[in-house]
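A.B. asks: Below is target14.cif; it holds mmCIF, C-alpha atoms.
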```cif
data_my_file
#
loop_
_atom_site.label_atom_id
_atom_site.label_comp_id
_atom_site.auth_asym_id
_atom_site.auth_seq_id
_atom_site.Cartn_x
_atom_site.Cartn_y
_atom_site.Cartn_z
CA MET A 850 108.10 70.70 114.48
CA ASP A 851 110.57 70.49 117.33
CA LYS A 852 108.52 70.40 120.54
CA ALA A 853 111.40 72.10 122.37
CA THR A 854 110.97 75.24 120.25
CA THR A 855 110.49 78.21 122.58
CA ILE A 856 108.51 81.32 121.67
CA LEU A 857 108.56 84.54 123.67
CA ILE A 858 105.44 86.74 123.55
CA VAL A 859 106.08 90.40 124.50
CA ASP A 860 102.72 92.14 124.80
CA ASP A 861 100.94 94.06 127.58
CA ASP A 862 97.55 92.71 126.44
CA THR A 863 97.33 89.87 128.95
CA LYS A 864 94.16 88.37 127.45
CA LEU A 865 95.69 88.17 123.98
CA SER A 866 98.97 86.80 125.33
CA ALA A 867 97.08 84.13 127.27
CA ALA A 868 95.10 83.14 124.17
CA ILE A 869 98.26 82.92 122.02
CA CYS A 870 100.05 81.00 124.77
CA LEU A 871 97.24 78.46 125.05
CA TYR A 872 97.02 77.95 121.29
CA LEU A 873 100.77 77.59 120.76
CA SER A 874 101.19 75.35 123.77
CA LYS A 875 98.55 72.99 122.37
CA ASN A 876 100.62 72.92 119.18
CA GLY A 877 103.71 71.76 121.02
CA TYR A 878 105.60 74.99 121.60
CA GLN A 879 107.08 76.10 124.89
CA VAL A 880 105.81 79.64 125.48
CA LEU A 881 107.17 82.49 127.61
CA CYS A 882 105.36 85.78 128.23
CA ALA A 883 106.53 89.30 129.04
CA SER A 884 104.30 92.34 129.61
CA ASP A 885 106.74 95.01 128.38
CA GLY A 886 109.97 95.46 126.46
CA LEU A 887 112.29 95.53 129.45
CA ASN A 888 110.93 92.26 130.79
CA GLY A 889 111.07 90.84 127.28
CA LEU A 890 114.79 91.61 127.03
CA GLN A 891 115.36 89.96 130.40
CA GLN A 892 113.56 86.82 129.21
CA LEU A 893 115.64 86.86 126.02
CA TYR A 894 118.85 86.99 128.05
CA ASN A 895 117.74 84.29 130.47
CA TYR A 896 116.01 81.75 128.22
CA HIS A 897 117.28 82.29 124.63
CA PRO A 898 113.96 81.63 122.85
CA ASP A 899 113.78 80.60 119.20
CA LEU A 900 111.34 83.32 118.10
CA ILE A 901 109.80 86.50 119.52
CA ILE A 902 106.28 87.82 118.97
CA LEU A 903 106.58 91.53 119.76
CA ASP A 904 103.83 94.10 120.22
CA ILE A 905 104.48 97.76 119.41
CA MET A 906 102.40 99.78 121.86
CA MET A 907 103.63 98.86 125.36
CA PRO A 908 104.55 100.69 128.58
CA ASN A 909 108.13 101.31 129.76
CA MET A 910 109.71 100.35 126.43
CA ASN A 911 107.74 100.16 123.19
CA GLY A 912 108.18 97.54 120.49
CA TRP A 913 110.33 99.75 118.25
CA GLU A 914 112.97 100.29 120.94
CA THR A 915 112.76 96.67 122.04
CA CYS A 916 113.29 95.46 118.48
CA ARG A 917 116.26 97.79 118.04
CA ARG A 918 117.88 96.52 121.24
CA ILE A 919 117.26 92.89 120.32
CA ARG A 920 118.96 93.40 116.97
CA GLU A 921 122.04 94.81 118.72
CA ILE A 922 122.66 91.42 120.32
CA SER A 923 120.71 88.76 118.42
CA ASP A 924 119.42 87.68 115.01
CA ILE A 925 116.47 85.82 116.57
CA PRO A 926 113.37 85.92 114.30
CA ILE A 927 110.86 88.63 115.28
CA ILE A 928 107.20 88.98 114.35
CA MET A 929 105.87 92.47 115.02
CA LEU A 930 102.32 92.33 116.35
CA THR A 931 100.24 95.50 116.44
CA ALA A 932 96.74 96.92 116.19
CA ARG A 933 97.98 99.44 113.69
CA GLY A 934 97.63 98.73 109.99
CA GLN A 935 99.46 101.73 108.63
CA GLU A 936 102.14 101.22 105.99
CA VAL A 937 104.60 103.35 107.95
CA ASP A 938 104.51 100.87 110.85
CA LYS A 939 105.46 98.00 108.56
CA ILE A 940 108.32 100.03 107.10
CA THR A 941 109.54 101.02 110.56
CA GLY A 942 109.38 97.45 111.85
CA PHE A 943 111.30 96.01 108.92
CA SER A 944 113.88 98.78 108.97
CA LEU A 945 114.58 97.96 112.63
CA GLY A 946 115.11 94.30 111.84
CA ALA A 947 111.73 92.58 112.19
CA ASP A 948 111.20 89.48 110.04
CA ASP A 949 107.43 89.63 109.69
CA TYR A 950 104.49 91.88 110.53
CA LEU A 951 100.99 90.87 111.58
CA ALA A 952 98.23 93.40 112.25
CA LYS A 953 95.48 92.81 114.80
CA PRO A 954 92.94 91.31 114.59
CA PHE A 955 94.36 88.08 113.20
CA SER A 956 93.52 84.39 113.32
CA MET A 957 95.59 81.98 115.37
CA LYS A 958 95.99 79.82 112.27
CA GLU A 959 97.53 82.74 110.41
CA LEU A 960 99.92 83.45 113.28
CA SER A 961 100.85 79.77 113.49
CA ALA A 962 101.52 79.60 109.74
CA ARG A 963 103.80 82.62 109.92
CA ILE A 964 105.67 81.20 112.90
CA GLU A 965 106.26 77.93 111.05
CA ALA A 966 107.43 79.77 107.92
CA ILE A 967 109.88 81.93 109.87
CA LEU A 968 111.26 78.96 111.81
CA ARG A 969 111.85 77.14 108.51
CA ARG A 970 113.76 80.13 107.17
CA ALA A 971 115.81 80.34 110.35
CA GLN A 972 117.32 76.90 109.71
CA PRO A 973 120.56 76.87 107.69
CA SER A 974 119.99 75.24 104.33
CA ARG A 975 121.29 71.70 103.86
CA ILE A 976 121.42 72.21 100.13
CA ASP A 977 124.56 73.33 98.33
CA GLN A 978 126.73 73.22 101.41
CA ASN A 979 130.47 73.88 101.08
CA ARG A 980 129.73 76.42 98.36
CA LEU A 981 131.28 79.82 97.94
CA ILE A 982 128.54 81.51 95.93
CA PHE A 983 130.50 84.69 95.31
CA VAL A 984 133.97 86.03 96.04
CA GLY A 985 134.61 89.63 95.09
CA PRO A 986 137.16 92.29 95.98
CA ASP A 987 135.19 93.37 99.05
CA LEU A 988 132.37 90.83 99.43
CA THR A 989 132.29 87.07 100.10
CA ILE A 990 129.05 85.08 100.16
CA ASP A 991 129.63 81.64 101.65
CA MET A 992 126.60 79.36 101.83
CA GLY A 993 128.67 76.43 103.11
CA HIS A 994 129.59 78.30 106.29
CA TRP A 995 126.28 80.27 106.34
CA GLU A 996 128.07 83.61 106.42
CA VAL A 997 128.70 86.80 104.49
CA ARG A 998 131.82 88.93 104.82
CA ARG A 999 132.40 92.49 103.69
CA LYS A 1000 135.99 93.67 103.53
CA GLY A 1001 136.91 90.68 105.67
CA ALA A 1002 134.48 91.48 108.48
CA LEU A 1003 131.49 89.26 109.23
CA VAL A 1004 128.20 90.89 108.22
CA GLU A 1005 125.42 90.48 110.79
CA LEU A 1006 122.39 89.26 108.83
CA THR A 1007 119.11 87.78 109.98
CA SER A 1008 118.21 84.35 108.59
CA THR A 1009 115.71 85.93 106.18
CA GLU A 1010 118.28 88.44 104.93
CA MET A 1011 120.77 85.60 104.49
CA ARG A 1012 118.38 83.45 102.48
CA MET A 1013 117.42 86.38 100.27
CA LEU A 1014 121.03 87.29 99.52
CA PHE A 1015 121.96 83.63 98.91
CA TYR A 1016 119.08 83.24 96.46
CA LEU A 1017 119.99 86.40 94.53
CA ALA A 1018 123.69 85.49 94.46
CA GLU A 1019 122.96 81.92 93.32
CA HIS A 1020 121.23 83.45 90.31
CA ALA A 1021 123.81 86.17 89.75
CA ASN A 1022 123.27 88.49 86.79
CA GLN A 1023 119.74 87.15 86.32
CA VAL A 1024 116.65 89.26 86.88
CA LEU A 1025 114.47 87.70 89.59
CA THR A 1026 110.88 88.83 89.94
CA HIS A 1027 109.31 89.86 93.23
CA ARG A 1028 107.14 86.74 93.03
CA GLN A 1029 110.14 84.42 92.54
CA ILE A 1030 111.98 85.94 95.49
CA LEU A 1031 108.96 85.88 97.77
CA GLU A 1032 108.05 82.29 96.95
CA HIS A 1033 111.62 81.01 97.41
CA VAL A 1034 112.60 83.00 100.50
CA TRP A 1035 109.30 83.48 102.37
CA GLY A 1036 107.01 80.83 100.92
CA ALA A 1037 104.04 80.63 98.57
CA GLU A 1038 101.73 82.29 101.11
CA TYR A 1039 103.75 85.53 100.79
CA ILE A 1040 103.77 85.96 96.99
CA ASP A 1041 101.64 89.13 97.12
CA GLU A 1042 103.79 90.88 99.76
CA VAL A 1043 105.87 92.94 97.32
CA ASP A 1044 106.80 95.40 100.06
CA TYR A 1045 108.76 92.62 101.78
CA THR A 1046 111.25 92.37 98.92
CA LYS A 1047 111.62 96.15 98.70
CA LEU A 1048 112.28 96.57 102.42
CA PHE A 1049 114.65 93.63 102.73
CA ILE A 1050 116.64 94.78 99.70
CA TRP A 1051 116.93 98.14 101.45
CA ARG A 1052 118.22 96.40 104.57
CA LEU A 1053 120.74 94.32 102.64
CA ARG A 1054 122.05 97.38 100.83
CA GLN A 1055 122.70 99.10 104.15
CA LYS A 1056 124.89 96.15 105.15
CA ILE A 1057 126.81 95.14 102.01
CA GLU A 1058 127.00 98.20 99.76
CA ASP A 1059 129.56 101.00 100.10
CA ASP A 1060 126.90 103.46 98.96
CA PRO A 1061 123.39 102.03 99.50
CA LYS A 1062 121.87 104.79 97.37
CA ASN A 1063 124.12 103.83 94.47
CA PRO A 1064 124.31 100.03 94.80
CA GLN A 1065 126.92 98.03 92.95
CA TYR A 1066 125.62 94.54 93.76
CA LEU A 1067 121.87 94.66 94.44
CA LEU A 1068 120.30 96.32 91.44
CA THR A 1069 116.65 97.22 90.98
CA GLU A 1070 115.01 96.15 87.74
CA ARG A 1071 112.10 98.56 87.73
CA GLY A 1072 108.68 97.00 87.46
CA VAL A 1073 110.14 93.49 87.58
CA GLY A 1074 112.35 92.74 90.59
CA TYR A 1075 116.07 92.63 91.41
CA ARG A 1076 119.42 91.40 90.10
CA PHE A 1077 122.65 90.53 91.92
CA ARG A 1078 125.45 91.86 89.74
CA THR A 1079 128.87 90.21 89.84
CA ARG A 1080 130.41 91.90 86.82
CA LEU A 1081 131.26 95.27 88.35
#
```
Let me see the file written as structure tokens.

C.D. replies:
Amino acid sequence: MDKATTILIVDDDTKLSAAICLYLSKNGYQVLCASDGLNGLQQLYNYHPDLIILDIMMPNMNGWETCRRIREISDIPIIMLTARGQEVDKITGFSLGADDYLAKPFSMKELSARIEAILRRAQPSRIDQNRLIFVGPDLTIDMGHWEVRRKGALVELTSTEMRMLFYLAEHANQVLTHRQILEHVWGAEYIDEVDYTKLFIWRLRQKIEDDPKNPQYLLTERGVGYRFRTRL
């Protein structure tokens, strides 16, 4: 782990923030804290952290709005942190651009494991560089340059979205199971999180498909997983 890695905690629960800060600091991270969304955005602008841990229920600006504003300017990894355990919160967080979701109460070891997994995903792959995985009439997937273009314009994708699309495109026209996708993109500890694949496929379709409700590239194989189709 790079000891210079900086993590920003945005949470109005000062006791919890202090506990997380102490634990992560002992593990070699540099930690910043903000008590609400507005202050969190200011810290993002000023210090450019490597990852954000973001609570939902906060004064002045809640986590949903903060996440939305972050995604307007940055693809920094975000872990949503909340006391709520409802499915709708997870869906909302992912639809706004969060990378992971952790409900309170949680163990510090679990939080640390998720941070490490997200930071690994945030690093561009050193494998298969200089590869154009797919070039179509309106879509280019370029692993070598770590970018995706739709109709010539750069598509803004988070690192997790990028890795998921790369993996699907590398195995074009093959059906990949939820388990295969989760293990490759997120890691073995996520293999039961089927909702992750569903929600991230939804996000990718919003960004690369002309009609997300009638996808041409990212096809659902019901009861199994997904397939990236190149033969349109």

A.B. asks: Could you check which of A:Tyr1016, A:Tyr1066, A:Trp913, A:Trp1051 is closest to Trp1035 of chain A, using all atoms listed in the file?

C.D. replies: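 Counting all atoms listed in the file, the residue closest to Trp1035 of chain A is A:Tyr1016.
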
A.B. asks: How many Å separate atom CA of Cys916 of chain A from atom CA of Ile928 of chain A?

C.D. replies: 9.8 Å

A.B. asks: With the file shown as input, list the residues that the PyMOL selection byres ((chain A and resi 1047) around 12) selects, as a PyMOL selection string.

C.D. replies: chain A and resi 939-940+943-944+1010+1013+1026-1028+1030-1031+1042-1046+1048-1054+1067-1075

A.B. asks: Please identify all polymer residues within 12 Å of His897 of chain A, counting all atoms listed in the file, omitting same-chain residues fewer than 3 positions from it, and present them as a list in words.

C.D. replies: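 Once the adjacent positions are removed, what remains is Ala853, Thr854, Thr855, Ile856, Leu857, Gln879, Val880, Leu881, Gly889, Leu890, Gln891, Gln892, Leu893, Tyr894, Leu900, Ile901, Ile919, Ile922, Ser923, Asp924, Ile925 and Pro926 of chain A.
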
A.B. asks: Just give me the gap between atom CA of Pro1064 of chain A and atom CA of Asp991 of chain A in Å, one decimal is fine.

C.D. replies: 20.3 Å

A.B. asks: Rounded to one decimal in Å, what is the spacing between atom CA of Val984 of chain A and atom CA of Gly1001 of chain A?

C.D. replies: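 One can read the atom CA of Val984 of chain A to atom CA of Gly1001 of chain A distance as 11.1 Å.
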
A.B. asks: For the file shown, report as number ranges by chain the outcome of the PyMOL selection byres ((chain A and resi 1012) around 12) at residue level.

C.D. replies: A: 967, 969-974, 976, 990-992, 995-997, 1006-1011, 1013-1019, 1030-1036, 1046, 1049-1050, 1053

A.B. asks: Every residue with an atom at most 12 Å from (98.6, 84.9, 115.8) (file coordinates; all atoms listed in the file) is what I'm after, so could you write them as a PyMOL selection string?

C.D. replies: chain A and resi 858+865-873+901-904+928-931+949-965

A.B. asks: Could you pull the residues within 10 Å of segment 1055-1062 of chain A, counting all atoms listed in the file, minus those fewer than 6 positions along the same chain, as JSON, numbers by chain?

C.D. replies: {"A": [987, 988, 989, 997, 998, 999, 1000, 1004, 1005, 1006, 1049]}

A.B. asks: Hey, which of A:Cys882, A:Val1024, A:Leu887, A:Ile927 ends up closest to Asn911 of chain A? Count all atoms listed in the file.

C.D. replies: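 Comparing A:Cys882, A:Val1024, A:Leu887, A:Ile927 against Asn911 of chain A, the winner is A:Leu887.
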
A.B. asks: Which residue gives the smallest distance to Glu914 of chain A among A:Gln1065, A:Asn1022, A:Asn876, A:Thr941, with all atoms listed in the file counted?

C.D. replies: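 Smallest distance to Glu914 of chain A is found for A:Thr941.
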
A.B. asks: Generate N, CA and C atoms for segment 983-1007 of chain A and emit them as a PDB file, in the frame of the given file.

C.D. replies:
```pdb
ATOM      1  N   PHE A 983     129.882  83.527  95.940  1.00  0.00           N
ATOM      2  CA  PHE A 983     130.500  84.690  95.310  1.00  0.00           C
ATOM      3  C   PHE A 983     131.690  85.158  96.118  1.00  0.00           C
ATOM      4  N   VAL A 984     132.785  85.433  95.421  1.00  0.00           N
ATOM      5  CA  VAL A 984     133.970  86.030  96.040  1.00  0.00           C
ATOM      6  C   VAL A 984     134.364  87.229  95.207  1.00  0.00           C
ATOM      7  N   GLY A 985     134.245  88.413  95.781  1.00  0.00           N
ATOM      8  CA  GLY A 985     134.610  89.630  95.090  1.00  0.00           C
ATOM      9  C   GLY A 985     135.708  90.372  95.824  1.00  0.00           C
ATOM     10  N   PRO A 986     136.087  91.538  95.346  1.00  0.00           N
ATOM     11  CA  PRO A 986     137.160  92.290  95.980  1.00  0.00           C
ATOM     12  C   PRO A 986     136.841  92.736  97.410  1.00  0.00           C
ATOM     13  N   ASP A 987     135.551  92.915  97.709  1.00  0.00           N
ATOM     14  CA  ASP A 987     135.190  93.370  99.050  1.00  0.00           C
ATOM     15  C   ASP A 987     134.001  92.617  99.643  1.00  0.00           C
ATOM     16  N   LEU A 988     133.548  91.559  98.958  1.00  0.00           N
ATOM     17  CA  LEU A 988     132.370  90.830  99.430  1.00  0.00           C
ATOM     18  C   LEU A 988     132.528  89.341  99.179  1.00  0.00           C
ATOM     19  N   THR A 989     132.271  88.528 100.217  1.00  0.00           N
ATOM     20  CA  THR A 989     132.290  87.070 100.100  1.00  0.00           C
ATOM     21  C   THR A 989     130.976  86.515 100.610  1.00  0.00           C
ATOM     22  N   ILE A 990     130.318  85.708  99.795  1.00  0.00           N
ATOM     23  CA  ILE A 990     129.050  85.080 100.160  1.00  0.00           C
ATOM     24  C   ILE A 990     129.289  83.583 100.216  1.00  0.00           C
ATOM     25  N   ASP A 991     129.250  83.016 101.409  1.00  0.00           N
ATOM     26  CA  ASP A 991     129.630  81.640 101.650  1.00  0.00           C
ATOM     27  C   ASP A 991     128.449  80.861 102.221  1.00  0.00           C
ATOM     28  N   MET A 992     127.751  80.133 101.365  1.00  0.00           N
ATOM     29  CA  MET A 992     126.600  79.360 101.830  1.00  0.00           C
ATOM     30  C   MET A 992     127.043  78.182 102.686  1.00  0.00           C
ATOM     31  N   GLY A 993     128.180  77.578 102.363  1.00  0.00           N
ATOM     32  CA  GLY A 993     128.670  76.430 103.110  1.00  0.00           C
ATOM     33  C   GLY A 993     128.858  76.719 104.579  1.00  0.00           C
ATOM     34  N   HIS A 994     129.373  77.915 104.893  1.00  0.00           N
ATOM     35  CA  HIS A 994     129.590  78.300 106.290  1.00  0.00           C
ATOM     36  C   HIS A 994     128.484  79.222 106.803  1.00  0.00           C
ATOM     37  N   TRP A 995     127.443  79.452 105.957  1.00  0.00           N
ATOM     38  CA  TRP A 995     126.280  80.270 106.340  1.00  0.00           C
ATOM     39  C   TRP A 995     126.739  81.639 106.834  1.00  0.00           C
ATOM     40  N   GLU A 996     127.575  82.308 106.006  1.00  0.00           N
ATOM     41  CA  GLU A 996     128.070  83.610 106.420  1.00  0.00           C
ATOM     42  C   GLU A 996     128.354  84.502 105.216  1.00  0.00           C
ATOM     43  N   VAL A 997     128.373  85.789 105.484  1.00  0.00           N
ATOM     44  CA  VAL A 997     128.700  86.800 104.490  1.00  0.00           C
ATOM     45  C   VAL A 997     129.746  87.723 105.105  1.00  0.00           C
ATOM     46  N   ARG A 998     130.774  88.030 104.333  1.00  0.00           N
ATOM     47  CA  ARG A 998     131.820  88.930 104.820  1.00  0.00           C
ATOM     48  C   ARG A 998     132.001  90.102 103.864  1.00  0.00           C
ATOM     49  N   ARG A 999     132.150  91.275 104.457  1.00  0.00           N
ATOM     50  CA  ARG A 999     132.400  92.490 103.690  1.00  0.00           C
ATOM     51  C   ARG A 999     133.715  93.090 104.156  1.00  0.00           C
ATOM     52  N   LYS A1000     134.649  93.182 103.230  1.00  0.00           N
ATOM     53  CA  LYS A1000     135.990  93.670 103.530  1.00  0.00           C
ATOM     54  C   LYS A1000     136.624  92.881 104.673  1.00  0.00           C
ATOM     55  N   GLY A1001     136.345  91.586 104.682  1.00  0.00           N
ATOM     56  CA  GLY A1001     136.910  90.680 105.670  1.00  0.00           C
ATOM     57  C   GLY A1001     136.131  90.558 106.956  1.00  0.00           C
ATOM     58  N   ALA A1002     135.240  91.488 107.227  1.00  0.00           N
ATOM     59  CA  ALA A1002     134.480  91.480 108.480  1.00  0.00           C
ATOM     60  C   ALA A1002     133.148  90.750 108.283  1.00  0.00           C
ATOM     61  N   LEU A1003     132.754  89.987 109.288  1.00  0.00           N
ATOM     62  CA  LEU A1003     131.490  89.260 109.230  1.00  0.00           C
ATOM     63  C   LEU A1003     130.323  90.238 109.229  1.00  0.00           C
ATOM     64  N   VAL A1004     129.397  90.050 108.311  1.00  0.00           N
ATOM     65  CA  VAL A1004     128.200  90.890 108.220  1.00  0.00           C
ATOM     66  C   VAL A1004     127.090  90.244 109.027  1.00  0.00           C
ATOM     67  N   GLU A1005     126.509  91.003 109.955  1.00  0.00           N
ATOM     68  CA  GLU A1005     125.420  90.480 110.790  1.00  0.00           C
ATOM     69  C   GLU A1005     124.109  90.528 109.999  1.00  0.00           C
ATOM     70  N   LEU A1006     123.624  89.359 109.586  1.00  0.00           N
ATOM     71  CA  LEU A1006     122.390  89.260 108.830  1.00  0.00           C
ATOM     72  C   LEU A1006     121.402  88.350 109.555  1.00  0.00           C
ATOM     73  N   THR A1007     120.124  88.685 109.464  1.00  0.00           N
ATOM     74  CA  THR A1007     119.110  87.780 109.980  1.00  0.00           C
ATOM     75  C   THR A1007     119.001  86.598 109.021  1.00  0.00           C
TER      76      THR A1007
END
```
